[in-house]
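Enquirer: I'd like to ask some things about the structure below.
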Amino acid sequence: MKLTTRFFIILLMIAVIPLLLSVAWNIYQYNSSVTSYYDLHKGISSLTAANIDEWLAGTNRDLAFLYEVEHPLAKKVDDIKIIHQATRINSEIMSLSVLAPDNKELYFLQSEKVKADRPLASYQDALVKQVRESGIIAPGKVLCLKSRAYFPLAYPMVDGRVVVFHFSLDKLFSKLNSQKIGRTGEVIITDSRGQPLPCQRVDRQKFDAAALRLFFRNGGRNGTINGFIVNGESYAGAYSAVENIKWAALSIQSEDELFGQQKKSIYVFALFAVGTFATTIVVVMLISNRIIRPINNMVNGVKKFLKDKHLDEVIPAEGWPEIKSLVGILNRLMLELQAYRAFQLNQIVEEKNKAQALIDTITDGVILVDDRGGLIYSNQTALKLLGIARISADVVLPRSIKNEAFFAQFSGLLASKEKFVKAEMDAPVPGASPPLVNSYRIITNQFLLATLKRPGRVIIMRDITNEKELEKAKEDFFHMITHDMRAPLATIQGYVEMLMRKVPASPNTDKYFKSMLYSSRRLRGMIDDILNTTKLQHGTMALQIDKISANDLITRIRDNHEPVATPKNIKMATAPSAENLEFYGDAALLERIITNLVGNSLKFTPSGGSITLGTAQDAEKVFFWVQDTGVGIPADKKDTIFEKYSQMEEHKSQGFGLGLAMCKMTVELHQGGIWVESEVGKGSKFIFTVSKKLSPPDEGKPGDAGVKRAGAEKA
């Protein structure tokens with residue numbers, strides 16, 4: 001997107017979008033107001049219809065006296081007198097005429113308030129005829145005489161007479177007119193044809209009755225009206241039908257008064273937005289030459305500088321003074337960068353030579369390859385080991401490796417998807433006479449290539465032949481010592497056990513003998529750990545599988561360690577399973593695992609602490625755990641403590657670092673696993689499992705040989 005376009009869009013967003021939001025908000029407010037106005041007019045029209053119904057109900061109550069006149073079971077009364085009295089009492093009755101069956105007027109009474117050229121009853125010949133034929137009380141058309149409205153009502157009596165009433169509508173019209181809204185609001189009553197009743201403040205000649213009837217048909221008994229022409233002006237509002245007579249009550253108001261101002265506001269905002277849009281275009285065009293073109297020149301100049309790595313010509317200074325100053329600063333900056341880059345190249349070359357000398361000096365082979373095996377860099381040690389003459393574009397690993405042992409190893413390493421890979425291998429020494437085979441440790445890790453952003457690999461090949469020989473010498477030394485120590489240790493242990501039986505028992509002698517016996521057993525266990533570790537590593541350990549009671553096993557170990565725990569004020573406890581848990585395994589090795597774990601807990605649990613042994617099971621495994629309240633193990637050491645000769649720095653003087661490694665290998669020989677749950681300062685919980693699939697050889701399972709092979713594979 002061009003800078004001019006972006007600048008235009010930004011100005012447009014700053015100037016026009018707020019106006020558009022204002023227009024949208026005005027439209028929303030307009031719609032809300034229209035809805036509110038219509039709801040208000042609906043309420044007024046419904047209230048008007050209810051008032052008319054109430055007035056009609058009152059009119060019907062005013063005719064109740066006729067029941068006394070015509071009731072066939074009532075005693076004979078002077079009906080003219082009763083009618084006369086009822087008429088005088090009801091001020092709403094403006095005229096009353098009693099007509100005989102032959103239409104001869106039997107009684108006539110008309111209020112002096114009526115200003116008419118002839119009696120009101122004389123206007124109702126058609127109504128009287130209709131009532132005589134139907135025998136049902138019926139209203140007539142409203143009369144408007146001398147600006148006063150009268151509501152005619154004809155009542156047929158059982159003896160053939162007809163009573164014609166005229167009720168005044170002045171109070172009703174006055175009450176309804178008081179409910180109008182605003183300056184132009186009107187409340188109008190219409191008949192079933194949509195014509196307004198006479199004597200209302202509306203020009204019937206300018207009242208669109210046909211349009212109103214269309215609203216009635218489309219809206220039912222209640223609805224809204226809009227665009228309705230009254231007296232030449234557009235009105236809006238609502239109507240509601242009267243229940244007890246074919247009239248409708250309208251509440252209308254001039255549309256200009258209702259929402260004319262809001263419409264004007266919307267139009268003004270819209271015109272203002274259009275004007276702002278046009279102004280924005282003009283402003284963008286005016287300042288484009290003064291700002292945008294110089295900026296484009298600067299951008300193009302910098303791009304060319306980055307591409308060519310040198311400045312052929314300076315960027316022309318143009319535009320406003322501030323822009324010219326910026327162009328001058330940018331030109332100076334690029335010139336200085338050009339000079340600095342030349343200096344940096346010399347520095348980089350120098351540093352590269354130093355790194356090259358360092359890598360070529362170390363004895364390890366170092367190789368960098370890309371994601372396709374292409375050789376990026378290699379020192380001479382690596383090239384010699386792999387049998388590659390020199391670095392070139394044609395060298396691709398592992399295809400170019402001449403040493404078969406390294407070829408096989410590199411094929412697997414480069415095909416691996418793992419980020420970090422570590423492996424050991426044996427390979428013949430190139431050019432050695434007589435032939436020699438050395439051990440190598442290969443470590444490889446991925447890194448992202450700077451240009452392609454794809455993973456390459458750095459590979460280090462280290463000669464660990466001396467390390468292997470030292471480790472073998474250490475193992476031979478331990479093996480020799482342990483074999484030489486077993487005989488005198490067995491003698492000491494035997495004499496201690498014999499003295500415990502021969503010497504009379506006393507608190508002190510029991511304490512001394514138990515301490516000596518525990519120490520001899522502990523030393524014997526350490527010797528066994530060394531021998532067992534060697535056997536496990538070489539795959540020569542065979543399990544002696546028997547049926548074992550888990551509860552008996554942990555109880556026996558607890559009892560063996562109580563003589564040591566009690567003087568330290570450490571509580572030994574068991575949490576055996578509630579059920580009699582039995583399984584198959586090597587009892588001696590499992591006891592040695594738990595003894596090692598308990599021994600470690602005794603070392604690192606302070607006085608006043610506790611050690612708990614427990615066991616459980618599920619469908620496939622038996623669980624054992626040893627939990628203490630000791631110092632705990634850091635999170636970064638939870639996995640390394642199970643490696644051979646691995647110890648935490650503060651515990652270097654408390655053993656060989658073989659106990660947990662032996663435990664791990666022995667558990668794996670039992671097809672289980674071992675782990676630790678610990679928090680520094682809150683103690684540790686060592687947990688291991690034993691598979692339930694183990695069984696003695698005589699039950700048709702692989703037995704010792706099968707377990708031995710598994711141990712060899714694990715090692």
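For the structure tokens, the naming scheme is as follows: chains receive sequential letters (A, B, ...) according to their order of presentation, residues are indexed from 1 within each chain, and ligands are indexed from 1 in presentation order.
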List the spatial neighbours of stretch 169-185 of chain A as JSON, numbers by chain - criterion: any atom at most 7 Å away, only C-alpha atoms, same-chain residues fewer than 3 positions off excluded.

Expert: {"A": [48, 148, 149, 150, 151, 252, 253, 254]}

Enquirer: Just the selected residues (N, CA and C atoms), exported as an mmCIF file, in the first residue's frame, please.

Expert:
```cif
data_model
loop_
_atom_site.group_PDB
_atom_site.id
_atom_site.type_symbol
_atom_site.label_atom_id
_atom_site.label_comp_id
_atom_site.auth_asym_id
_atom_site.auth_seq_id
_atom_site.Cartn_x
_atom_site.Cartn_y
_atom_site.Cartn_z
ATOM 1 N N THR A 48 -58.319 6.440 24.963
ATOM 2 C CA THR A 48 -59.493 7.113 24.386
ATOM 3 C C THR A 48 -60.609 6.123 24.109
ATOM 4 N N ARG A 148 -72.293 22.008 18.270
ATOM 5 C CA ARG A 148 -72.476 21.092 19.391
ATOM 6 C C ARG A 148 -72.849 19.725 18.834
ATOM 7 N N ALA A 149 -72.308 18.684 19.429
ATOM 8 C CA ALA A 149 -72.500 17.325 18.919
ATOM 9 C C ALA A 149 -73.494 16.574 19.782
ATOM 10 N N TYR A 150 -74.345 15.781 19.108
ATOM 11 C CA TYR A 150 -75.378 15.013 19.800
ATOM 12 C C TYR A 150 -75.329 13.576 19.298
ATOM 13 N N PHE A 151 -75.439 12.677 20.267
ATOM 14 C CA PHE A 151 -75.381 11.237 19.966
ATOM 15 C C PHE A 151 -76.793 10.666 20.057
ATOM 16 N N ILE A 252 -52.984 11.237 16.837
ATOM 17 C CA ILE A 252 -52.036 11.545 15.771
ATOM 18 C C ILE A 252 -51.310 12.840 16.083
ATOM 19 N N GLN A 253 -50.174 13.005 15.390
ATOM 20 C CA GLN A 253 -49.345 14.177 15.595
ATOM 21 C C GLN A 253 -48.559 14.433 14.318
ATOM 22 N N SER A 254 -48.278 15.677 14.044
ATOM 23 C CA SER A 254 -47.540 16.043 12.841
ATOM 24 C C SER A 254 -46.180 15.349 12.823
#
```

Enquirer: According to DSSP computed on the backbone, where in stretch 527-676 of chain A is there strand (DSSP E)? Give the residues as a CSV table (one decimal) with C-alpha atoms, in the first residue's frame.

Expert:
```csv
chain,number,residue,atom,x,y,z
A,545,ILE,CA,11.2,-65.7,41.7
A,546,ASP,CA,9.0,-66.8,44.6
A,547,LYS,CA,5.7,-65.8,46.1
A,548,ILE,CA,6.0,-62.8,48.3
A,549,SER,CA,3.7,-61.3,50.9
A,571,LYS,CA,9.6,-43.0,64.2
A,572,MET,CA,9.4,-46.1,61.9
A,573,ALA,CA,5.9,-47.0,60.7
A,574,THR,CA,4.1,-49.1,58.1
A,575,ALA,CA,0.9,-48.5,56.2
A,582,GLU,CA,0.8,-61.5,47.5
A,583,PHE,CA,2.8,-61.5,44.2
A,584,TYR,CA,5.8,-63.1,42.5
A,585,GLY,CA,9.3,-61.6,42.5
A,586,ASP,CA,12.8,-61.9,43.8
A,610,SER,CA,9.2,-40.2,60.7
A,611,ILE,CA,9.6,-42.8,58.0
A,612,THR,CA,6.6,-44.7,56.6
A,613,LEU,CA,6.6,-47.8,54.4
A,614,GLY,CA,3.5,-48.7,52.4
A,615,THR,CA,2.2,-51.0,49.7
A,616,ALA,CA,-0.8,-51.1,47.3
A,617,GLN,CA,-1.9,-52.7,44.0
A,621,LYS,CA,1.2,-53.7,39.3
A,622,VAL,CA,2.1,-53.8,42.9
A,623,PHE,CA,3.2,-50.5,44.5
A,624,PHE,CA,5.7,-49.9,47.3
A,625,TRP,CA,6.7,-46.6,48.8
A,626,VAL,CA,9.0,-45.2,51.4
A,627,GLN,CA,8.0,-41.7,52.7
A,628,ASP,CA,10.1,-39.5,55.0
A,674,ILE,CA,10.7,-46.1,40.1
A,675,TRP,CA,10.3,-42.3,40.8
A,676,VAL,CA,10.3,-39.8,43.6
```

Enquirer: One number please: atom CA of A:Asn26 to atom CA of A:Ser45, in Å, one decimal.

Expert: 28.1 Å

Enquirer: Interatomic distance between atom CA of A:Asn31 and atom CA of A:Ala49?

Expert: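 So the two atoms, atom CA of A:Asn31 and atom CA of A:Ala49, lie 27.0 Å apart.
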
Enquirer: So that I can check the surroundings of stretch 294-300 of chain A, please list as a list in words every protein, DNA and RNA residue that reaches within 10 Å of it, counting only C-alpha atoms and ignoring chain neighbours fewer than 4 positions away.

Expert: Lys2, Leu3, Thr4, Ser288, Asn289, Arg290, Lys304, Phe305, Leu306, Val314, Ile315, Pro316, Ala317, Glu318, Gly319, Trp320, Ile323, Lys324, Leu326, Val327, Leu330 and Asn331 of chain A

Enquirer: Would you please work out which residue, of A:Thr5, A:Ser234, A:Ser91, A:Ser147, is nearest to A:Lys115 when using only C-alpha atoms?

Expert: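 Ranking A:Thr5, A:Ser234, A:Ser91, A:Ser147 by distance to A:Lys115, first place goes to A:Ser147.
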
Enquirer: I'd like the contact shell of A:Asn222 - 9 Å cut-off, only C-alpha atoms, skipping same-chain residues fewer than 3 positions apart - returned as a ChimeraX atom specification.

Expert: /A:42,45-46,216,219,238-241

Enquirer: Neighbours of A:Gly260 within 12 Å (only C-alpha atoms; same-chain residues fewer than 2 positions away dropped), as a list in words?

Expert: Tyr30, Ser33, Val34, Ser234, Tyr235, Ala236, Gln253, Ser254, Glu255, Asp256, Glu257, Leu258, Gln262, Lys263, Lys264, Ser265, Ile266 and Tyr267 of chain A

Enquirer: One decimal, in Å: what's the spacing between atom CA of A:Gly374 and atom CA of A:Val395?

Expert: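 Going from atom CA of A:Gly374 over to atom CA of A:Val395, I get 6.3 Å.
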
Enquirer: Set the distance at 9 Å and use only C-alpha atoms: which residues neighbour A:Val131 once local chain neighbours fewer than 5 positions away are removed? I'd like the list as a list in words.

Expert: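 Contacts, with the query itself left out: Ala126, Ile136, Ile137, Ala138, Ala154, Tyr155, Pro156 and Val162 of chain A.
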
Enquirer: For A:Val369, which of A:Asn445, A:Ser97, A:Thr190, A:Asn353 is the closest residue, counting only C-alpha atoms?

Expert: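 Looking at the shortest contact to A:Val369, the residue is A:Asn445.
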
Enquirer: Name the closest residue to A:Pro139 among the candidates A:Trp247, A:Tyr107, A:Tyr38, A:Phe228; distances are taken between atoms, counting only C-alpha atoms.

Expert: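 Between A:Trp247, A:Tyr107, A:Tyr38, A:Phe228, the residue approaching A:Pro139 most closely is A:Trp247.
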